[in-house]
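So this one's run_29.csv, CSV, C-alpha atoms and all ligand atoms:
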chain,number,residue,atom,x,y,z
A,1,MET,CA,94.7,28.5,94.6
A,2,THR,CA,94.9,24.7,94.7
A,3,GLY,CA,91.8,24.1,92.7
A,4,ALA,CA,90.3,22.1,95.6
A,5,VAL,CA,86.5,21.7,94.9
A,6,ILE,CA,85.8,21.5,98.6
A,7,PRO,CA,86.9,24.4,100.8
A,8,PRO,CA,89.8,23.3,103.1
A,9,LEU,CA,89.4,22.9,106.8
A,10,SER,CA,90.9,26.1,108.3
A,11,LEU,CA,92.4,25.5,111.7
A,12,SER,CA,94.5,28.7,112.2
A,13,THR,CA,93.4,30.6,115.3
A,14,THR,CA,94.9,33.9,114.0
A,15,PHE,CA,95.4,35.6,110.7
A,16,LYS,CA,98.2,37.8,109.4
A,17,GLN,CA,97.8,41.6,109.3
A,18,VAL,CA,99.4,43.8,106.7
A,19,SER,CA,99.6,46.7,109.1
A,20,PRO,CA,98.2,47.0,112.7
A,21,GLY,CA,94.5,46.4,112.7
A,22,GLU,CA,94.4,45.7,109.0
A,23,PRO,CA,94.0,42.0,108.3
A,24,MET,CA,95.2,40.5,105.0
A,25,ALA,CA,91.9,38.8,104.1
A,26,GLY,CA,89.3,40.3,106.3
A,27,MET,CA,89.8,38.0,109.3
A,28,ASP,CA,92.0,38.6,112.3
A,29,TYR,CA,91.2,36.1,115.0
A,30,SER,CA,89.3,32.8,114.7
A,31,ARG,CA,86.7,33.6,117.4
A,32,SER,CA,85.7,36.7,115.4
A,33,GLY,CA,85.7,34.9,112.1
A,34,ASN,CA,87.0,31.8,110.5
A,35,PRO,CA,86.8,30.6,106.9
A,36,SER,CA,85.3,27.2,107.7
A,37,ARG,CA,82.6,28.9,109.9
A,38,LYS,CA,82.0,31.5,107.2
A,39,ASN,CA,81.3,28.7,104.6
A,40,PHE,CA,78.8,27.1,106.8
A,41,GLU,CA,77.1,30.4,107.9
A,42,GLU,CA,76.7,31.5,104.3
A,43,ALA,CA,75.3,28.1,103.2
A,44,ILE,CA,72.7,28.0,106.0
A,45,ALA,CA,71.7,31.6,105.4
A,46,ALA,CA,71.1,30.8,101.7
A,47,LEU,CA,69.0,27.7,102.7
A,48,GLU,CA,66.8,29.7,105.0
A,49,GLY,CA,66.5,32.5,102.5
A,50,GLY,CA,68.1,34.9,104.9
A,51,LYS,CA,71.0,37.5,104.6
A,52,HIS,CA,73.1,36.6,107.6
A,53,GLY,CA,74.0,33.3,109.3
A,54,LEU,CA,75.7,33.0,112.7
A,55,ALA,CA,77.0,29.7,114.1
A,56,PHE,CA,77.3,28.9,117.8
A,57,ALA,CA,78.8,26.1,119.9
A,58,SER,CA,75.4,24.4,120.4
A,59,GLY,CA,71.7,25.1,119.8
A,60,SER,CA,71.6,26.1,123.5
A,61,ALA,CA,74.4,28.5,123.1
A,62,THR,CA,72.4,30.1,120.3
A,63,THR,CA,69.4,30.5,122.6
A,64,ALA,CA,71.7,32.0,125.3
A,65,THR,CA,73.3,34.5,122.9
A,66,ILE,CA,69.9,35.7,121.5
A,67,ILE,CA,68.6,36.3,125.1
A,68,ASN,CA,71.7,38.3,125.8
A,69,MET,CA,70.5,40.9,123.2
A,70,PHE,CA,67.9,41.9,125.8
A,71,LYS,CA,68.2,43.5,129.2
A,72,ALA,CA,67.0,42.5,132.6
A,73,GLY,CA,63.3,43.4,133.1
A,74,ASP,CA,62.4,42.5,129.5
A,75,HIS,CA,59.5,40.0,129.0
A,76,PHE,CA,59.3,37.0,126.6
A,77,ILE,CA,56.4,34.9,125.4
A,78,SER,CA,57.0,31.3,124.5
A,79,VAL,CA,55.0,28.2,123.6
A,80,ASN,CA,54.0,26.0,126.5
A,81,ASP,CA,55.6,22.8,125.2
A,82,VAL,CA,58.9,24.4,124.0
A,83,TYR,CA,62.0,22.1,123.9
A,84,GLY,CA,62.9,21.2,127.5
A,85,GLY,CA,66.4,22.8,127.3
A,86,THR,CA,64.9,26.1,126.1
A,87,ASN,CA,62.3,26.0,128.9
A,88,ARG,CA,65.1,25.4,131.3
A,89,TYR,CA,67.1,28.3,130.0
A,90,PHE,CA,64.1,30.7,130.3
A,91,ASN,CA,63.1,29.5,133.7
A,92,ARG,CA,66.4,28.5,135.5
A,93,VAL,CA,69.0,30.8,133.8
A,94,ALA,CA,67.2,33.9,132.5
A,95,ALA,CA,64.5,34.2,135.2
A,96,PRO,CA,66.9,34.5,138.2
A,97,ILE,CA,68.7,37.4,136.5
A,98,GLY,CA,65.5,39.4,135.8
A,99,PHE,CA,64.0,38.2,132.5
A,100,HIS,CA,60.3,37.3,132.7
A,101,SER,CA,58.7,34.6,130.5
A,102,THR,CA,55.1,33.6,129.9
A,103,PHE,CA,54.4,30.2,128.4
A,104,VAL,CA,51.1,29.9,126.5
A,105,ASP,CA,49.2,27.3,124.5
A,106,MET,CA,49.5,28.8,120.9
A,107,SER,CA,47.1,26.5,119.2
A,108,ASP,CA,44.8,29.5,119.9
A,109,LEU,CA,46.7,32.7,119.1
A,110,LYS,CA,44.3,34.8,121.3
A,111,ASN,CA,46.4,33.4,124.2
A,112,VAL,CA,49.4,35.1,122.7
A,113,GLU,CA,47.6,38.5,122.4
A,114,ALA,CA,46.6,38.2,126.0
A,115,ALA,CA,50.1,37.5,127.2
A,116,PHE,CA,51.6,40.7,125.7
A,117,ARG,CA,52.9,43.3,128.2
A,118,PRO,CA,54.4,46.7,127.6
A,119,ASN,CA,57.9,45.3,128.1
A,120,THR,CA,57.4,42.2,125.8
A,121,LYS,CA,60.5,42.1,123.6
A,122,MET,CA,60.5,38.6,122.1
A,123,VAL,CA,58.1,35.8,121.1
A,124,TRP,CA,60.0,32.4,120.9
A,125,ILE,CA,58.4,29.4,119.3
A,126,GLU,CA,59.2,26.1,117.9
A,127,THR,CA,57.0,24.3,115.3
A,128,PRO,CA,56.5,21.4,115.4
A,129,THR,CA,57.5,21.2,119.1
A,130,ASN,CA,59.9,18.6,120.6
A,131,PRO,CA,58.5,16.0,121.3
A,132,THR,CA,54.7,16.5,121.2
A,133,LEU,CA,54.7,17.8,117.6
A,134,ARG,CA,52.3,20.6,118.1
A,135,LEU,CA,52.3,23.4,115.5
A,136,VAL,CA,52.1,27.1,115.6
A,137,ASP,CA,50.7,29.2,112.7
A,138,ILE,CA,53.9,31.2,112.0
A,139,LYS,CA,52.3,33.7,109.5
A,140,ALA,CA,49.3,34.5,111.8
A,141,LEU,CA,51.6,34.8,114.8
A,142,ALA,CA,54.0,37.1,112.8
A,143,ALA,CA,51.1,39.4,112.0
A,144,ILE,CA,50.3,39.7,115.8
A,145,VAL,CA,54.0,40.3,116.7
A,146,LYS,CA,54.2,43.0,113.9
A,147,ARG,CA,51.4,44.9,115.7
A,148,HIS,CA,53.7,45.3,118.7
A,149,PRO,CA,56.7,47.3,117.5
A,150,GLY,CA,59.9,46.5,119.4
A,151,THR,CA,59.0,42.8,119.7
A,152,ILE,CA,60.7,40.2,117.6
A,153,LEU,CA,59.6,36.7,116.6
A,154,VAL,CA,62.2,33.8,116.8
A,155,VAL,CA,61.4,30.4,115.4
A,156,ASP,CA,63.3,27.3,116.3
A,157,ASN,CA,63.1,25.3,113.0
A,158,THR,CA,65.1,22.3,114.2
A,159,PHE,CA,62.4,19.7,113.6
A,160,LEU,CA,61.8,20.4,109.9
A,161,SER,CA,65.1,21.9,108.7
A,162,PRO,CA,65.1,24.5,105.9
A,163,TYR,CA,64.2,21.8,103.5
A,164,PHE,CA,60.6,21.6,104.8
A,165,GLN,CA,60.0,25.0,106.3
A,166,ASN,CA,61.3,28.5,106.0
A,167,PRO,CA,60.1,30.7,108.9
A,168,LEU,CA,61.7,33.9,107.6
A,169,SER,CA,59.4,33.8,104.5
A,170,LEU,CA,56.5,33.5,106.9
A,171,GLY,CA,57.4,36.6,108.8
A,172,ALA,CA,59.9,35.5,111.5
A,173,ASP,CA,62.8,37.8,112.4
A,174,ILE,CA,65.3,35.1,113.4
A,175,VAL,CA,65.3,31.4,112.7
A,176,VAL,CA,67.4,29.1,114.8
A,177,HIS,CA,68.5,25.5,114.6
A,178,SER,CA,70.2,22.9,116.7
A,179,VAL,CA,72.7,22.0,113.9
A,180,THR,CA,73.3,18.9,116.1
A,181,LYS,CA,70.1,17.4,114.5
A,182,TYR,CA,69.1,17.3,110.8
A,183,LEU,CA,71.5,20.0,109.5
A,184,ASN,CA,74.7,18.1,110.4
A,185,GLY,CA,72.7,14.9,110.2
A,186,HIS,CA,75.3,12.4,111.3
A,187,SER,CA,75.2,12.5,115.1
A,188,ASP,CA,78.8,13.6,115.4
A,189,VAL,CA,78.6,17.4,115.9
A,190,VAL,CA,77.0,19.6,118.6
A,191,MET,CA,76.3,23.0,117.1
A,192,GLY,CA,73.7,25.8,116.7
A,193,VAL,CA,72.9,28.5,114.2
A,194,ALA,CA,70.8,31.7,113.8
A,195,VAL,CA,69.7,33.2,110.5
A,196,THR,CA,68.2,36.7,110.0
A,197,SER,CA,67.7,39.2,107.3
A,198,ASN,CA,67.5,42.1,109.8
A,199,SER,CA,70.9,43.8,109.7
A,200,GLU,CA,70.4,45.4,113.1
A,201,LEU,CA,69.7,42.1,114.8
A,202,TYR,CA,72.6,40.6,112.9
A,203,GLU,CA,75.0,43.3,114.2
A,204,LYS,CA,73.9,42.7,117.8
A,205,LEU,CA,74.3,38.9,117.5
A,206,LYS,CA,77.6,39.2,115.7
A,207,PHE,CA,78.9,41.4,118.5
A,208,LEU,CA,77.8,38.9,121.1
A,209,GLN,CA,79.1,35.9,119.1
A,210,ASN,CA,82.4,37.6,118.6
A,211,GLY,CA,83.6,38.7,121.9
A,212,THR,CA,85.2,41.7,120.3
A,213,PRO,CA,83.5,45.0,119.4
A,214,ALA,CA,82.1,44.5,115.9
A,215,ILE,CA,79.9,47.4,116.7
A,216,GLN,CA,81.9,50.6,116.6
A,217,PRO,CA,81.5,52.5,119.8
A,218,HIS,CA,81.1,55.9,118.1
A,219,THR,CA,78.3,54.7,115.8
A,220,HIS,CA,76.5,52.4,118.3
A,221,PRO,CA,77.1,53.8,121.8
A,222,ARG,CA,77.0,51.1,124.4
A,223,PRO,CA,74.6,51.7,127.3
A,224,PRO,CA,76.3,52.6,130.6
A,225,ILE,CA,77.2,49.5,132.6
A,226,THR,CA,74.8,49.4,135.5
A,227,PRO,CA,73.9,46.3,137.5
A,228,SER,CA,70.5,46.0,135.7
A,229,LEU,CA,72.1,46.3,132.3
A,230,SER,CA,75.1,44.1,133.0
A,231,LEU,CA,73.7,41.5,130.5
A,232,SER,CA,73.1,44.0,127.8
A,233,PHE,CA,75.9,45.0,125.4
A,234,SER,CA,78.4,45.3,128.1
A,235,GLN,CA,79.6,41.8,127.5
A,236,ALA,CA,80.2,39.5,124.6
A,237,ILE,CA,79.9,35.7,124.8
A,238,GLY,CA,82.2,34.0,122.2
A,239,ALA,CA,80.3,30.7,122.2
A,240,VAL,CA,81.6,29.7,118.8
A,241,PRO,CA,81.9,26.3,117.2
A,242,SER,CA,85.2,24.8,116.2
A,243,PRO,CA,86.3,25.0,112.5
A,244,PHE,CA,86.2,21.2,112.3
A,245,ASP,CA,82.6,21.1,113.5
A,246,CYS,CA,81.8,23.8,110.9
A,247,PHE,CA,83.5,21.7,108.2
A,248,LEU,CA,81.5,18.6,109.1
A,249,ALA,CA,78.2,20.5,109.4
A,250,ASN,CA,78.8,22.1,106.0
A,251,ARG,CA,79.4,18.6,104.6
A,252,GLY,CA,76.2,17.4,106.2
A,253,LEU,CA,74.2,20.2,104.4
A,254,LYS,CA,75.2,18.8,101.0
A,255,THR,CA,72.9,15.8,101.5
A,256,LEU,CA,70.2,17.5,103.5
A,257,HIS,CA,67.6,17.3,100.8
A,258,ILE,CA,68.2,13.6,100.2
A,259,ARG,CA,68.2,12.7,103.9
A,260,MET,CA,65.0,14.7,104.6
A,261,GLU,CA,63.1,13.0,101.7
A,262,LYS,CA,64.2,9.6,103.0
A,263,HIS,CA,63.4,10.5,106.7
A,264,GLN,CA,59.9,11.5,105.6
A,265,GLU,CA,59.3,8.4,103.5
A,266,ASN,CA,60.4,6.1,106.4
A,267,ALA,CA,58.4,8.2,108.9
A,268,PHE,CA,55.2,7.6,106.9
A,269,ILE,CA,55.8,3.9,106.9
A,270,VAL,CA,56.4,3.8,110.7
A,271,ALA,CA,53.5,6.2,111.5
A,272,ASN,CA,51.1,4.1,109.5
A,273,PHE,CA,52.3,0.9,111.1
A,274,LEU,CA,52.0,2.4,114.6
A,275,GLU,CA,48.5,3.8,113.8
A,276,SER,CA,47.3,0.3,112.8
A,277,SER,CA,48.8,-1.3,115.9
A,278,PRO,CA,46.5,-2.4,118.8
A,279,PHE,CA,49.3,-1.5,121.2
A,280,CYS,CA,49.3,2.2,120.4
A,281,THR,CA,46.8,4.5,121.9
A,282,GLU,CA,47.9,7.6,120.0
A,283,VAL,CA,50.3,8.4,117.1
A,284,ILE,CA,51.4,12.0,116.6
A,285,TYR,CA,52.8,12.8,113.2
A,286,PRO,CA,51.8,16.0,111.4
A,287,GLY,CA,51.7,14.1,108.1
A,288,LEU,CA,48.8,11.9,109.3
A,289,ALA,CA,45.2,13.1,108.6
A,290,SER,CA,44.6,12.3,112.3
A,291,HIS,CA,46.9,15.0,113.5
A,292,PRO,CA,44.8,17.9,114.8
A,293,GLN,CA,46.8,20.5,112.9
A,294,HIS,CA,47.3,18.5,109.7
A,295,GLU,CA,45.8,21.3,107.6
A,296,LEU,CA,48.1,23.9,109.0
A,297,ALA,CA,51.1,21.5,108.5
A,298,LYS,CA,50.1,21.2,104.8
A,299,ARG,CA,49.8,24.9,104.5
A,300,GLN,CA,53.0,26.2,106.1
A,301,GLN,CA,55.4,23.3,105.6
A,302,SER,CA,56.5,21.6,102.4
A,303,GLY,CA,56.9,18.3,104.2
A,304,PHE,CA,56.3,16.7,107.5
A,305,GLY,CA,59.8,15.6,108.7
A,306,GLY,CA,61.0,12.4,110.3
A,307,MET,CA,59.9,12.7,113.9
A,308,ILE,CA,57.0,10.7,115.3
A,309,SER,CA,55.6,10.5,118.9
A,310,PHE,CA,53.3,7.8,120.1
A,311,ARG,CA,51.7,6.5,123.3
A,312,ILE,CA,51.9,2.8,124.2
A,313,LYS,CA,49.0,1.1,125.8
A,314,GLY,CA,49.6,0.6,129.5
A,315,ASP,CA,51.9,2.5,131.9
A,316,LEU,CA,55.5,3.5,132.1
A,317,SER,CA,56.6,-0.2,132.8
A,318,ASN,CA,55.0,-1.2,129.5
A,319,ALA,CA,56.9,1.6,127.7
A,320,LYS,CA,60.1,0.6,129.3
A,321,ARG,CA,59.7,-3.0,128.4
A,322,PHE,CA,59.0,-1.9,124.8
A,323,PHE,CA,62.3,0.0,124.6
A,324,GLN,CA,64.2,-2.9,126.1
A,325,HIS,CA,63.1,-5.1,123.1
A,326,ILE,CA,63.4,-2.8,120.1
A,327,LYS,CA,65.7,-4.2,117.4
A,328,TYR,CA,66.4,-1.6,114.7
A,329,PHE,CA,66.1,1.6,116.7
A,330,THR,CA,68.9,2.5,119.1
A,331,LEU,CA,67.6,3.7,122.5
A,332,ALA,CA,69.3,7.1,122.7
A,333,GLU,CA,68.5,10.8,122.9
A,334,SER,CA,68.7,13.2,120.0
A,335,LEU,CA,67.3,13.1,116.4
A,336,GLY,CA,68.1,14.0,112.8
A,337,GLY,CA,71.0,11.6,112.3
A,338,ILE,CA,71.3,8.9,109.6
A,339,GLU,CA,70.5,6.2,112.2
A,340,SER,CA,67.1,5.5,113.8
A,341,LEU,CA,66.8,6.5,117.4
A,342,SER,CA,64.0,6.1,120.0
A,343,GLU,CA,63.5,7.3,123.5
A,344,ILE,CA,61.1,8.1,126.3
A,345,PRO,CA,61.3,11.9,126.6
B,401,LIG,C1,68.3,19.7,120.6
B,401,LIG,C2,67.4,20.9,120.5
B,401,LIG,C3,67.8,22.1,120.9
B,401,LIG,C4,69.2,22.3,121.6
B,401,LIG,O1,70.2,22.1,120.8
B,401,LIG,P1,71.7,21.6,121.3
B,401,LIG,O2,72.5,21.6,120.1
B,401,LIG,O3,71.4,20.2,121.9
B,401,LIG,O4,72.2,22.5,122.3
B,401,LIG,C5,67.0,23.2,120.7
B,401,LIG,N1,65.8,23.1,120.1
B,401,LIG,C6,65.3,21.9,119.7
B,401,LIG,C7,64.0,21.8,119.1
B,401,LIG,C8,66.1,20.7,119.9
B,401,LIG,O5,65.6,19.6,119.4

Go through the file and emit its structure as structure tokens.
Ligand SMILES: *Cc1c(COP(=O)(O)O)cnc(C)c1O
Amino acid sequence: MTGAVIPPLSLSTTFKQVSPGEPMAGMDYSRSGNPSRKNFEEAIAALEGGKHGLAFASGSATTATIINMFKAGDHFISVNDVYGGTNRYFNRVAAPIGFHSTFVDMSDLKNVEAAFRPNTKMVWIETPTNPTLRLVDIKALAAIVKRHPGTILVVDNTFLSPYFQNPLSLGADIVVHSVTKYLNGHSDVVMGVAVTSNSELYEKLKFLQNGTPAIQPHTHPRPPITPSLSLSFSQAIGAVPSPFDCFLANRGLKTLHIRMEKHQENAFIVANFLESSPFCTEVIYPGLASHPQHELAKRQQSGFGGMISFRIKGDLSNAKRFFQHIKYFTLAESLGGIESLSEIP
């Protein structure tokens, strides 16, 4: 209406209805749907080549919401060096309420086959992993998961962004990101997102994101609320991001391709420098020929990203001394922003 070329930030928590239960423009309450969130969700879905995007208050809230699709007693398989926060969620939050998880070394996919149980409902991976940068062959793993009907494959694509890797095209059912990292890209938003082309999974996640029944009770009966099912569809979560965070993340997406190319260019310079240094005992970067899974990286990724791990000669005190003297890198957690960061994980 105004001709604005950038969609406005939409802060209203509620939207006018023309008659009871009939919203003017498809949205009724901002937890259930918000124009700024919708813009971001549609953009990220397009970037990942998926049909549906769902944004959450953090990467961790995305993980929690996905796990709430399942019921106590279900079993998950994950990669043994999955992101620390995800590991903590599986072991310290999901396990005490009855979800079982097995963590395996997925450099050999036979380990995944061996970990399947009759109640295995989800395989959750990250590739490359944070921070050891190990890879999982997504296509080969997806083929194994497809042989177990009722099990879904979730891929955390935070470390490469959709610019360098598209897990849905390799057979994943859901791709997730910590938007906090590359997608927003400016270290000023904490947020998460899930993308899927599977409408049934989307409906379940939408219901949980929402906090109001998007799933009509007469078409999708809820299971009875018993103690063992109390985490199934009997509750919704509502862990949504703010419109302002969605606005910023959407703005970040517009430069994703330019940032990722530059991150990668810089990463190669730093990785080569470290590899030639007598003070480094190991440099881990999937773009280096010395990376044990370099061939897989070339096959399933269209680039190698901006994250590097390395080991310094000596012990922890040497590593600490190094980080007290760095000049251009800020000693701080996180990744994917426009500044250079370093840390001891
Ligand atoms: C940071 C991170 C997360 C968690 O995301 P938050 O936005 O910090 O909650 C999940 N996975 C990976 C790989 C991450 O780096």

Shell around Lys16 in chain A at 12 Å using only C-alpha atoms, local window under 2 positions removed, as JSON, numbers by chain: {"A": [12, 13, 14, 18, 19, 20, 21, 22, 23, 24, 25, 26, 27, 28, 29, 30]}

Do a neighbour search on range 79-94 of chain A at 7 Å with all atoms listed in the file, toss out local chain neighbours closer than 5 positions, and write the hits as a list in words.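 Skipping anything fewer than 5 positions along the chain leaves Phe99, Ser101, Phe103, Val104, Asp105, Met106, Ile125, Glu126, Thr129 and Asn130 of chain A.
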
At a cut-off of 7 Å and counting all atoms listed in the file, what residues surround ligand LIG 401 (chain B)? Please answer as a ChimeraX atom specification. /A:58-61,83,85-86,126,129-130,156,158-159,177-181,190-192,334

Just give me the residues with any atom within 10 Å of (50.0, 38.6, 127.3), file coordinates, counting all atoms listed in the file, written as an mmCIF file with C-alpha atoms, in the coordinates of the input.
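Generated file (selection26.cif):
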data_model
loop_
_atom_site.group_PDB
_atom_site.id
_atom_site.type_symbol
_atom_site.label_atom_id
_atom_site.label_comp_id
_atom_site.auth_asym_id
_atom_site.auth_seq_id
_atom_site.Cartn_x
_atom_site.Cartn_y
_atom_site.Cartn_z
ATOM 1 C CA HIS A 75 59.500 40.000 129.000
ATOM 2 C CA PHE A 76 59.300 37.000 126.600
ATOM 3 C CA ILE A 77 56.400 34.900 125.400
ATOM 4 C CA THR A 102 55.100 33.600 129.900
ATOM 5 C CA PHE A 103 54.400 30.200 128.400
ATOM 6 C CA VAL A 104 51.100 29.900 126.500
ATOM 7 C CA LYS A 110 44.300 34.800 121.300
ATOM 8 C CA ASN A 111 46.400 33.400 124.200
ATOM 9 C CA VAL A 112 49.400 35.100 122.700
ATOM 10 C CA GLU A 113 47.600 38.500 122.400
ATOM 11 C CA ALA A 114 46.600 38.200 126.000
ATOM 12 C CA ALA A 115 50.100 37.500 127.200
ATOM 13 C CA PHE A 116 51.600 40.700 125.700
ATOM 14 C CA ARG A 117 52.900 43.300 128.200
ATOM 15 C CA PRO A 118 54.400 46.700 127.600
ATOM 16 C CA THR A 120 57.400 42.200 125.800
#

Non-local contacts of Pro292 in chain A (10 Å; all atoms listed in the file; under 6 positions in same chain excluded) as a ChimeraX atom specification: /A:107,134-135,284-286

Would you compute the distance between CA of Ile152 in chain A and CA of Lys206 in chain A? Give it in Å to one decimal. 17.0 Å

Just checking: using only C-alpha atoms, which residue out of A:Leu331, A:Leu296, A:Ile237, A:Ile6 ends up closest to Phe207 in chain A?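 Distance minimum relative to Phe207 in chain A lands on A:Ile237.
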
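Of the listed residues A:Leu183, A:Leu168, A:Leu341, A:Leu208, the one whose atoms come nearest to Val195 in chain A is A:Leu168, with distances taken using only C-alpha atoms.
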
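Closest approach to Ile174 in chain A among A:Leu109, A:Leu54, A:Ile312, A:Val136 is made by A:Leu54 (distances from all atoms listed in the file).
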
Shell around Gly171 in chain A at 12 Å using all atoms listed in the file, local window under 3 positions removed, as a PDB file with C-alpha atoms, keeping the file's coordinate frame:
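Ended up saving to part_2.pdb:
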ATOM      1  CA  GLY A  49      66.500  32.500 102.500  1.00  0.00           C
ATOM      2  CA  GLY A  50      68.100  34.900 104.900  1.00  0.00           C
ATOM      3  CA  ASP A 137      50.700  29.200 112.700  1.00  0.00           C
ATOM      4  CA  ILE A 138      53.900  31.200 112.000  1.00  0.00           C
ATOM      5  CA  LYS A 139      52.300  33.700 109.500  1.00  0.00           C
ATOM      6  CA  ALA A 140      49.300  34.500 111.800  1.00  0.00           C
ATOM      7  CA  LEU A 141      51.600  34.800 114.800  1.00  0.00           C
ATOM      8  CA  ALA A 142      54.000  37.100 112.800  1.00  0.00           C
ATOM      9  CA  ALA A 143      51.100  39.400 112.000  1.00  0.00           C
ATOM     10  CA  ILE A 144      50.300  39.700 115.800  1.00  0.00           C
ATOM     11  CA  VAL A 145      54.000  40.300 116.700  1.00  0.00           C
ATOM     12  CA  LYS A 146      54.200  43.000 113.900  1.00  0.00           C
ATOM     13  CA  ILE A 152      60.700  40.200 117.600  1.00  0.00           C
ATOM     14  CA  LEU A 153      59.600  36.700 116.600  1.00  0.00           C
ATOM     15  CA  VAL A 154      62.200  33.800 116.800  1.00  0.00           C
ATOM     16  CA  VAL A 155      61.400  30.400 115.400  1.00  0.00           C
ATOM     17  CA  ASN A 166      61.300  28.500 106.000  1.00  0.00           C
ATOM     18  CA  PRO A 167      60.100  30.700 108.900  1.00  0.00           C
ATOM     19  CA  LEU A 168      61.700  33.900 107.600  1.00  0.00           C
ATOM     20  CA  ILE A 174      65.300  35.100 113.400  1.00  0.00           C
ATOM     21  CA  VAL A 175      65.300  31.400 112.700  1.00  0.00           C
ATOM     22  CA  THR A 196      68.200  36.700 110.000  1.00  0.00           C
ATOM     23  CA  SER A 197      67.700  39.200 107.300  1.00  0.00           C
ATOM     24  CA  ASN A 198      67.500  42.100 109.800  1.00  0.00           C
ATOM     25  CA  GLN A 300      53.000  26.200 106.100  1.00  0.00           C
TER      26      GLN A 300
END

Go through A:Ala95, A:Met1, A:Ala249, A:Leu160 and flag the residue nearest Glu41 in chain A, using only C-alpha atoms for the distances.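 Distance minimum relative to Glu41 in chain A lands on A:Ala249.
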
For Phe56 in chain A, the nearest of the candidates A:Arg321, A:Arg37, A:Arg251, A:Arg147, counting all atoms listed in the file: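 Of all the options, A:Arg37 lies closest to Phe56 in chain A.
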
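In this structure, CA of Ala45 in chain A sits 18.0 Å away from CA of Asn210 in chain A.
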
Go ahead and compute the interatomic distance for CA of Glu343 in chain A and CA of Thr330 in chain A, in Å to one decimal. 8.5 Å

Around the point (65.2, 5.1, 118.7), in the coordinates given by the file, pick out the residues reaching within 10 Å, counting only C-alpha atoms, and return them as a compact mmCIF listing (two decimals) with C-alpha atoms, in the coordinates of the input.
# COMPACT_ATOMS: atom_id res chain seq x y z
CA PHE A 323 62.30 0.00 124.60
CA ILE A 326 63.40 -2.80 120.10
CA LYS A 327 65.70 -4.20 117.40
CA TYR A 328 66.40 -1.60 114.70
CA PHE A 329 66.10 1.60 116.70
CA THR A 330 68.90 2.50 119.10
CA LEU A 331 67.60 3.70 122.50
CA ALA A 332 69.30 7.10 122.70
CA GLU A 333 68.50 10.80 122.90
CA SER A 334 68.70 13.20 120.00
CA LEU A 335 67.30 13.10 116.40
CA GLU A 339 70.50 6.20 112.20
CA SER A 340 67.10 5.50 113.80
CA LEU A 341 66.80 6.50 117.40
CA SER A 342 64.00 6.10 120.00
CA GLU A 343 63.50 7.30 123.50
CA ILE A 344 61.10 8.10 126.30

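Comparing A:Pro131, A:Ser290, A:Pro162, A:His148 by their smallest distance to Pro345 in chain A, the closest is A:Pro131 (using all atoms listed in the file).
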